[in-house]
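Text of upload-v6.cif, listed as mmCIF, C-alpha atoms:
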```
data_data
loop_
_atom_site.label_atom_id
_atom_site.label_comp_id
_atom_site.auth_asym_id
_atom_site.auth_seq_id
_atom_site.Cartn_x
_atom_site.Cartn_y
_atom_site.Cartn_z
CA MET A 61 153.35 121.08 111.43
CA ALA A 62 150.22 120.56 109.32
CA VAL A 63 147.52 118.04 110.18
CA ALA A 64 145.51 116.70 107.26
CA GLN A 65 141.77 116.32 107.74
CA PRO A 66 139.86 113.67 105.77
CA GLY A 67 137.71 115.01 102.99
CA PRO A 68 133.96 114.47 102.92
CA TYR A 69 132.85 111.02 101.81
CA SER A 70 129.68 109.01 101.47
CA GLY A 71 128.35 105.71 100.27
CA VAL A 72 125.71 105.16 97.60
CA LEU A 73 122.60 102.97 97.58
CA SER A 74 121.57 101.40 94.27
CA PHE A 75 118.73 98.96 93.70
CA ARG A 76 116.23 97.59 91.20
CA VAL A 77 112.68 96.46 91.93
CA PHE A 78 110.88 93.46 90.46
CA ASN A 79 107.18 92.65 90.58
CA ASN A 80 105.92 89.19 89.63
CA GLY A 81 109.34 88.40 88.20
CA LYS A 82 109.49 91.46 85.92
CA MET A 83 111.63 94.55 86.40
CA VAL A 84 109.61 97.60 87.41
CA ASP A 85 109.85 100.99 85.75
CA LEU A 86 109.78 103.11 88.89
CA ASN A 87 108.84 106.18 86.82
CA ALA A 88 105.63 104.51 85.68
CA ASN A 89 102.21 105.49 87.01
CA GLY A 90 101.34 103.81 90.27
CA TRP A 91 104.93 103.60 91.54
CA LYS A 92 106.75 105.92 93.94
CA VAL A 93 110.08 105.70 95.80
CA THR A 94 110.78 107.78 98.90
CA PRO A 95 114.17 107.63 100.69
CA ALA A 96 113.76 108.68 104.34
CA ILE A 97 116.45 111.35 104.61
CA ASP A 98 115.67 114.45 106.68
CA ASP A 99 118.47 116.57 105.24
CA LYS A 100 117.70 119.86 103.53
CA LEU A 101 121.01 119.61 101.67
CA PHE A 102 120.37 116.01 100.59
CA LYS A 103 122.51 115.42 97.52
CA SER A 104 120.38 113.60 94.97
CA VAL A 105 118.52 110.62 93.67
CA SER A 106 118.74 109.53 90.07
CA TYR A 107 117.00 106.89 88.04
CA THR A 108 116.69 105.90 84.41
CA TYR A 109 114.86 102.71 83.51
CA PRO A 110 116.11 99.95 83.16
CA GLY A 111 119.04 100.99 85.33
CA TYR A 112 119.42 101.18 89.09
CA TYR A 113 117.68 103.66 91.35
CA LEU A 114 120.51 105.62 92.99
CA VAL A 115 120.41 107.33 96.38
CA LYS A 116 123.40 109.62 97.03
CA PRO A 117 123.44 111.12 100.53
CA ARG A 118 125.37 114.28 101.30
CA PRO A 119 128.98 113.46 102.19
CA SER A 120 130.74 114.67 105.33
CA GLN A 121 134.03 114.08 107.14
CA SER A 122 132.30 111.33 109.14
CA GLY A 123 130.47 109.72 106.23
CA ALA A 124 127.01 110.03 104.71
CA VAL A 125 124.52 112.40 106.34
CA LEU A 126 121.66 110.00 107.08
CA ASN A 127 118.83 109.42 109.50
CA LYS A 128 119.63 106.89 112.22
CA ASP A 129 116.71 104.76 111.00
CA PHE A 130 117.43 105.25 107.29
CA HIS A 131 115.01 103.34 105.08
CA VAL A 132 113.39 103.47 101.68
CA GLU A 133 109.67 103.28 100.98
CA ILE A 134 108.51 101.77 97.70
CA ILE A 135 104.84 102.45 97.08
CA HIS A 136 102.71 100.69 94.48
CA LEU A 137 99.03 101.60 94.39
CA LYS A 138 97.78 100.83 97.94
CA ASP A 139 100.78 98.74 99.02
CA THR A 140 103.90 100.10 100.73
CA MET A 141 107.19 98.25 101.11
CA LYS A 142 109.41 99.82 103.77
CA ILE A 143 113.01 98.56 103.70
CA PHE A 144 115.60 99.36 106.35
CA MET A 145 118.82 99.15 104.37
CA PRO A 146 122.39 98.09 105.26
CA SER A 147 124.71 100.95 106.11
CA ILE A 148 125.66 103.27 103.26
CA ASN A 149 127.58 105.56 105.57
CA TYR A 150 130.89 105.09 103.77
CA LYS A 151 130.48 102.47 101.03
CA GLU A 152 128.24 101.47 98.15
CA VAL A 153 125.35 99.09 98.79
CA LYS A 154 124.00 97.46 95.64
CA ILE A 155 120.84 95.35 95.69
CA ASP A 156 120.30 93.70 92.33
CA SER A 157 116.64 92.80 92.75
CA ILE A 158 114.04 93.69 95.36
CA PRO A 159 110.91 91.50 95.02
CA PHE A 160 108.10 93.93 95.73
CA ALA A 161 105.72 92.97 98.54
CA GLY A 162 103.96 95.16 101.07
CA GLY A 163 105.33 95.17 104.61
CA VAL A 164 108.34 96.20 106.69
CA TYR A 165 111.71 94.59 106.00
CA HIS A 166 115.12 94.84 107.66
CA ILE A 167 118.17 93.81 105.63
CA PRO A 168 120.73 92.79 108.28
CA GLN A 169 124.22 94.18 107.78
CA HIS A 170 125.81 90.74 108.16
CA ILE A 171 123.59 89.27 105.42
CA TYR A 172 124.64 92.00 103.01
CA ASP A 173 128.30 91.57 104.02
CA LEU A 174 128.05 87.88 103.10
CA LYS A 175 126.53 88.59 99.68
CA ALA A 176 129.88 88.03 97.92
CA LEU A 177 130.20 84.62 99.56
CA VAL A 178 126.65 83.64 98.61
CA ASP A 179 127.19 84.77 95.02
CA TYR A 180 130.52 82.91 94.83
CA TYR A 181 129.13 79.55 95.97
CA LYS A 182 126.25 79.26 93.52
CA ALA A 183 126.05 75.47 93.97
CA TYR A 184 125.25 75.88 97.68
CA THR A 185 122.16 77.26 99.35
CA PHE A 186 122.25 79.87 102.10
CA THR A 187 119.36 80.90 104.34
CA PRO A 188 118.59 83.70 104.69
CA ASN A 189 120.06 85.51 101.70
CA MET A 190 119.10 88.40 99.47
CA ASN A 191 118.57 86.24 96.39
CA ARG A 192 115.87 84.05 97.91
CA ASP A 193 112.99 84.42 100.37
CA TRP A 194 112.64 88.08 101.38
CA SER A 195 109.80 87.28 103.79
CA LEU A 196 112.50 86.22 106.28
CA PHE A 197 113.62 89.86 106.47
CA SER A 198 110.26 90.78 107.97
CA LYS A 199 110.90 88.54 111.00
CA ASN A 200 113.55 88.28 113.70
CA VAL A 201 114.86 84.88 112.62
CA TYR A 202 118.15 82.96 112.38
CA GLN A 203 119.61 84.37 115.56
CA CYS A 204 122.26 82.75 117.79
CA TYR A 205 121.91 83.98 121.36
CA LEU A 206 124.63 83.76 124.00
CA GLU A 207 124.53 82.27 127.48
CA LYS A 208 127.74 82.84 129.43
CA VAL A 209 128.84 79.79 131.42
CA GLN A 210 132.33 80.85 132.48
CA ASP A 211 134.61 83.90 132.66
CA ILE A 212 138.09 83.42 131.22
CA GLN A 213 141.27 85.45 130.88
CA MET A 214 142.66 86.10 127.40
CA ASP A 215 146.13 87.42 126.56
CA TYR A 216 145.48 88.32 122.93
CA SER A 217 143.01 90.33 120.91
CA PRO A 218 140.30 88.47 118.98
CA TYR A 219 139.84 91.31 116.51
CA ASP A 220 142.56 90.52 113.94
CA TYR A 221 140.56 88.41 111.50
CA LEU A 222 140.48 88.07 107.74
CA HIS A 223 137.55 89.99 106.31
CA ASN A 224 137.39 88.40 102.88
CA TYR A 225 133.92 86.86 102.67
CA THR A 226 134.32 85.29 99.23
CA LYS A 227 135.39 81.81 100.37
CA LEU A 228 134.14 79.67 103.22
CA GLU A 229 137.68 78.28 103.66
CA LEU A 230 138.81 81.66 104.98
CA MET A 231 136.61 81.16 108.01
CA ASN A 232 137.63 78.94 110.89
CA ASN A 233 135.78 75.64 110.85
CA LEU A 234 134.40 73.32 113.54
CA SER A 235 133.41 69.84 112.38
CA TYR A 236 131.99 67.21 114.70
CA HIS A 237 129.44 64.41 114.80
CA ASP A 238 126.12 65.46 116.28
CA ASN A 239 123.74 62.52 116.80
CA ALA A 240 125.54 60.50 114.12
CA MET A 241 125.23 63.41 111.65
CA SER A 242 128.28 65.31 110.45
CA SER A 243 127.91 69.00 111.27
CA ASN A 244 130.02 71.94 110.17
CA TYR A 245 130.15 75.39 111.71
CA TYR A 246 132.00 78.23 110.01
CA TYR A 247 132.45 81.46 111.93
CA LEU A 248 133.85 84.96 111.63
CA ASN A 249 133.40 87.68 114.24
CA ASN A 250 129.65 87.71 114.95
CA ILE A 251 128.55 85.32 112.18
CA ILE A 252 128.14 81.53 112.29
CA ILE A 253 127.25 79.47 109.22
CA TYR A 254 125.94 75.97 109.91
CA SER A 255 125.52 72.99 107.58
CA ASN A 256 124.79 69.33 108.24
CA ASN A 257 125.34 68.19 104.66
CA ASN A 258 128.00 70.58 103.24
CA ARG A 259 125.42 71.82 100.72
CA ASP A 260 122.63 73.67 102.56
CA HIS A 261 123.76 76.39 104.95
CA LYS A 262 122.07 78.53 107.59
CA ILE A 263 123.47 81.95 108.47
CA TYR A 264 123.13 83.02 112.11
CA LEU A 265 123.88 86.35 113.74
CA VAL A 266 125.67 85.80 117.06
CA ARG A 267 124.37 88.30 119.60
CA GLU A 268 123.29 89.04 123.12
CA ILE A 269 119.58 88.89 123.90
CA SER A 270 119.70 92.71 124.15
CA ASP A 271 121.92 95.36 122.56
CA THR A 272 121.88 97.48 125.73
CA THR A 273 122.50 96.94 129.44
CA PHE A 274 119.72 97.34 131.99
CA TRP A 275 121.11 100.81 132.79
CA GLY A 276 120.99 101.87 129.13
CA SER A 277 124.60 101.54 127.95
CA LYS A 278 125.45 99.97 124.62
CA ILE A 279 126.66 96.37 124.32
CA ASP A 280 128.91 96.15 121.27
CA LYS A 281 128.96 93.33 118.75
CA THR A 282 130.12 89.94 119.93
CA LYS A 283 133.47 88.70 118.62
CA VAL A 284 133.77 84.91 118.39
CA CYS A 285 137.37 83.74 118.91
CA PHE A 286 136.72 80.05 118.29
CA LEU A 287 134.12 77.30 118.68
CA TYR A 288 134.20 73.88 120.27
CA ALA A 289 131.73 71.07 120.82
CA GLN A 290 130.97 69.29 124.06
CA ASN A 291 128.14 66.89 124.97
CA ASN A 292 126.36 67.49 121.65
CA HIS A 293 126.31 71.23 122.14
CA VAL A 294 128.30 74.06 120.59
CA TYR A 295 130.19 76.57 122.73
CA ALA A 296 132.10 79.72 121.80
CA VAL A 297 134.99 81.55 123.34
CA ALA A 298 134.01 85.14 122.69
CA SER A 299 134.44 88.71 123.86
CA ARG A 300 131.83 91.12 125.21
CA ASP A 301 132.23 94.92 125.29
CA VAL A 302 130.09 96.86 127.77
CA GLU A 303 130.12 100.61 128.39
CA SER A 304 130.32 101.76 132.02
CA TYR A 305 131.03 105.07 133.74
CA THR A 306 134.78 104.35 133.85
CA GLY A 307 134.90 103.40 130.17
CA ARG A 308 134.61 100.29 128.06
CA ILE A 309 134.81 96.91 129.77
CA THR A 310 136.09 94.09 127.53
CA GLU A 311 135.67 90.60 128.96
CA PHE A 312 136.14 87.13 127.54
CA GLY A 313 134.06 84.12 128.38
CA ILE A 314 132.82 80.71 127.38
CA TYR A 315 129.29 80.93 125.98
CA LYS A 316 126.71 78.26 125.31
CA LEU A 317 125.12 78.96 121.93
CA HIS A 318 121.35 78.91 121.40
CA PHE A 319 120.36 78.71 117.72
CA TYR A 320 116.89 79.92 116.71
CA ASP A 321 115.52 79.62 113.18
CA ALA A 322 112.21 81.15 114.35
CA PRO A 323 111.62 84.08 116.74
CA ILE A 324 112.58 83.27 120.32
CA SER A 325 109.78 82.67 122.81
CA ALA A 326 108.93 85.19 125.53
CA TYR A 327 109.91 82.68 128.26
CA GLU A 328 113.33 81.99 126.76
CA ARG A 329 113.90 85.71 126.19
CA ARG A 330 113.20 86.46 129.87
CA TYR A 331 115.57 83.67 130.91
CA LEU A 332 118.47 84.94 128.78
CA GLN A 333 117.73 88.57 129.70
CA GLY A 334 117.99 87.70 133.39
CA LEU A 335 121.38 86.04 132.83
CA LEU A 336 122.62 89.02 130.82
CA ASN A 337 121.53 91.44 133.55
CA LYS A 338 123.41 89.40 136.15
CA ASP A 339 126.57 89.14 134.00
CA THR A 340 126.75 92.84 133.15
CA TYR A 341 126.05 93.79 136.77
CA GLN A 342 128.95 91.62 137.93
CA SER A 343 131.16 93.16 135.24
CA VAL A 344 130.46 96.73 136.28
CA LEU A 345 131.00 95.90 139.99
CA LYS A 346 134.61 95.08 139.13
CA THR A 347 135.20 98.75 138.21
CA LYS A 348 135.11 99.61 141.94
CA ALA A 349 138.76 98.60 142.14
CA ARG A 350 139.68 101.43 139.77
CA GLY A 351 139.29 103.96 142.58
CA ASN A 352 137.14 106.53 140.76
CA ASP A 353 135.25 108.44 143.47
CA TYR A 354 132.26 109.36 141.31
CA ASN A 355 132.01 105.81 139.99
CA ASN A 356 132.13 104.30 143.48
CA SER A 357 129.90 106.80 145.28
CA PHE A 358 127.23 107.44 142.64
CA PHE A 359 127.31 105.20 139.55
CA LEU A 360 127.74 101.81 141.26
CA PRO A 361 125.05 102.44 143.92
CA MET A 362 122.65 103.57 141.17
CA ILE A 363 123.36 100.40 139.16
CA THR A 364 122.84 98.29 142.29
CA ARG A 365 119.44 99.88 142.97
CA LEU A 366 118.35 99.24 139.38
CA TYR A 367 119.53 95.65 139.49
CA ASN A 368 117.75 94.99 142.79
CA LYS A 369 114.50 96.35 141.33
CA LEU A 370 114.83 94.01 138.34
CA SER A 371 115.50 91.07 140.65
CA LEU A 372 112.35 91.81 142.67
CA LYS A 373 110.23 91.68 139.49
CA LYS A 374 111.11 88.03 138.83
#
```
Hey, can you dump this file as structure tokens for me?
Amino acid sequence: MAVAQPGPYSGVLSFRVFNNGKMVDLNANGWKVTPAIDDKLFKSVSYTYPGYYLVKPRPSQSGAVLNKDFHVEIIHLKDTMKIFMPSINYKEVKIDSIPFAGGVYHIPQHIYDLKALVDYYKAYTFTPNMNRDWSLFSKNVYQCYLEKVQDIQMDYSPYDYLHNYTKLELMNNLSYHDNAMSSNYYYLNNIIIYSNNNRDHKIYLVREISDTTFWGSKIDKTKVCFLYAQNNHVYAVASRDVESYTGRITEFGIYKLHFYDAPISAYERRYLQGLLNKDTYQSVLKTKARGNDYNNSFFLPMITRLYNKLSLKK
């Protein structure tokens, strides 16, 4: 019996740069582009004005060979624009126009994934998006943080969703009257799009206040199952995946949603971080029933000591 192995594969990054509304010839004096790839066998870059600058990482069986913090630096005279790009591990990422400005920018994966939707609905406005104000990508804005209010039991998986981002109608929709104003919330996995006039839309990333637990394990992306409104507030039924010593813990809960257009304050961050620490601690305590000796005699006592130290710091 023969087992087929996947061949090497990789995505490609392509982009153009504009300065003061005019396309830049990146081969001209005073301009330099540097992709941050520490790979001696790095495949190639190619560029011919007025085309796209192409970055082609070396392919492998697990995708492109890239730095974990892959970014591109665009240098013009004394100014440097550092852009942390969406993933090009296995697919092409094409950015039609980068408006040059010095600083550090992060293009969120969910914003790039919604690019087809934004381009399709040209009569609507979406914030943030890659065709408008790039200064928003230099800040941690338009976040929707979770506050668990209740654990629930679910008998089905929330992961089987349509992934066609070209039409808003393909997302589930919550409509209700908020202070006599009609509000609409569209959602898919870890994205919520909000509008109060069916014309101007805000795109929020649904997330925990931290991507890791207080003991250092990864918290995976939130999956929103559905939304509902109560007492002029929006709640989500969603799943949370936490890594523990005995494996992944998947739990479902009802979460109060906190929408932030601007960066969250330090006080509110501490409040939500404390709740997350408590929730994940309670989740990992439930693994004691699994009867793993190492988990019960070493891992759980270690987690308890760490949690007690955090509680004393309050």
Measuring between all atoms listed in the file, which one of A:Glu152, A:Phe274, A:Phe319, A:Tyr165 shows the shortest distance to A:Leu370?
A:Phe274
For the file shown, what are the residues hit by the PyMOL selection byres ((chain A and resi 135) around 9), laid out as a list in words?
Gly90, Trp91, Lys92, Val93, Thr94, Glu133, Ile134, His136, Leu137, Lys138, Asp139, Thr140, Met141, Lys142 and Gly162 of chain A
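The residue that comes closest to A:Asn355, out of A:Pro159, A:Pro119, A:Pro323, A:Gly307 and on the basis of all atoms listed in the file, is A:Gly307.
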I would like the residues chosen by the PyMOL selection byres ((chain A and resi 127-131) around 6) on the shown file; could you give them as an mmCIF file with C-alpha atoms, in the frame of the given file?
```
data_model
loop_
_atom_site.group_PDB
_atom_site.id
_atom_site.type_symbol
_atom_site.label_atom_id
_atom_site.label_comp_id
_atom_site.auth_asym_id
_atom_site.auth_seq_id
_atom_site.Cartn_x
_atom_site.Cartn_y
_atom_site.Cartn_z
ATOM 1 C CA ALA A 96 113.760 108.680 104.340
ATOM 2 C CA ILE A 97 116.450 111.350 104.610
ATOM 3 C CA LEU A 126 121.660 110.000 107.080
ATOM 4 C CA VAL A 132 113.390 103.470 101.680
ATOM 5 C CA ILE A 143 113.010 98.560 103.700
ATOM 6 C CA PHE A 144 115.600 99.360 106.350
ATOM 7 C CA MET A 145 118.820 99.150 104.370
#
```
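These residues, each with an atom at most 12 Å from (114.5, 81.8, 126.4) using all atoms listed in the file, are Cys204, Tyr205, Leu206, Glu207, Glu268, Ile269, Leu317, His318, Phe319, Tyr320, Pro323, Ile324, Ser325, Ala326, Tyr327, Glu328, Arg329, Arg330, Tyr331, Leu332, Gln333, Gly334, Leu335 and Leu336 of chain A.
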Residues from last step as file, C-alpha atoms, as a PDB file, in the coordinates of the input:
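Saved as again_28.pdb:
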```pdb
ATOM      1  CA  CYS A 204     122.260  82.750 117.790  1.00  0.00           C
ATOM      2  CA  TYR A 205     121.910  83.980 121.360  1.00  0.00           C
ATOM      3  CA  LEU A 206     124.630  83.760 124.000  1.00  0.00           C
ATOM      4  CA  GLU A 207     124.530  82.270 127.480  1.00  0.00           C
ATOM      5  CA  GLU A 268     123.290  89.040 123.120  1.00  0.00           C
ATOM      6  CA  ILE A 269     119.580  88.890 123.900  1.00  0.00           C
ATOM      7  CA  LEU A 317     125.120  78.960 121.930  1.00  0.00           C
ATOM      8  CA  HIS A 318     121.350  78.910 121.400  1.00  0.00           C
ATOM      9  CA  PHE A 319     120.360  78.710 117.720  1.00  0.00           C
ATOM     10  CA  TYR A 320     116.890  79.920 116.710  1.00  0.00           C
ATOM     11  CA  PRO A 323     111.620  84.080 116.740  1.00  0.00           C
ATOM     12  CA  ILE A 324     112.580  83.270 120.320  1.00  0.00           C
ATOM     13  CA  SER A 325     109.780  82.670 122.810  1.00  0.00           C
ATOM     14  CA  ALA A 326     108.930  85.190 125.530  1.00  0.00           C
ATOM     15  CA  TYR A 327     109.910  82.680 128.260  1.00  0.00           C
ATOM     16  CA  GLU A 328     113.330  81.990 126.760  1.00  0.00           C
ATOM     17  CA  ARG A 329     113.900  85.710 126.190  1.00  0.00           C
ATOM     18  CA  ARG A 330     113.200  86.460 129.870  1.00  0.00           C
ATOM     19  CA  TYR A 331     115.570  83.670 130.910  1.00  0.00           C
ATOM     20  CA  LEU A 332     118.470  84.940 128.780  1.00  0.00           C
ATOM     21  CA  GLN A 333     117.730  88.570 129.700  1.00  0.00           C
ATOM     22  CA  GLY A 334     117.990  87.700 133.390  1.00  0.00           C
ATOM     23  CA  LEU A 335     121.380  86.040 132.830  1.00  0.00           C
ATOM     24  CA  LEU A 336     122.620  89.020 130.820  1.00  0.00           C
TER      25      LEU A 336
END
```
I want to know what sits within 9 Å of stretch 292-300 of chain A, based on all atoms listed in the file, with residues of the same chain fewer than 4 positions away left out; could you give that as an MDAnalysis selection string?
chainID A and resid 206 212 218 236:239 249 279:288 309:318
So what does the PyMOL selection byres ((chain A and resi 360-367) around 9) actually pick up in this one, as an MDAnalysis selection string?
chainID A and resid 274:275 305 337:338 341 344:345 347:348 354:359 368:372
Could you tell me how far atom CA of A:Ser255 sits from atom CA of A:Gln203, in Å to one decimal place?
15.1 Å
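Atom pair atom CA of A:Met190 / atom CA of A:Ile253 has a distance of 15.5 Å (rounded to one decimal).
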Kindly list the centre and edge lengths in Å, rounded to one decimal, for the axis-aligned box that covers all listed atoms of stretch 129-148 of chain A plus 8 Å on each of its six sides, as lines of an AutoDock Vina configuration file.
```
center_x = 111.7
center_y = 101.7
center_z = 102.7
size_x = 43.9
size_y = 23.2
size_z = 32.6
```
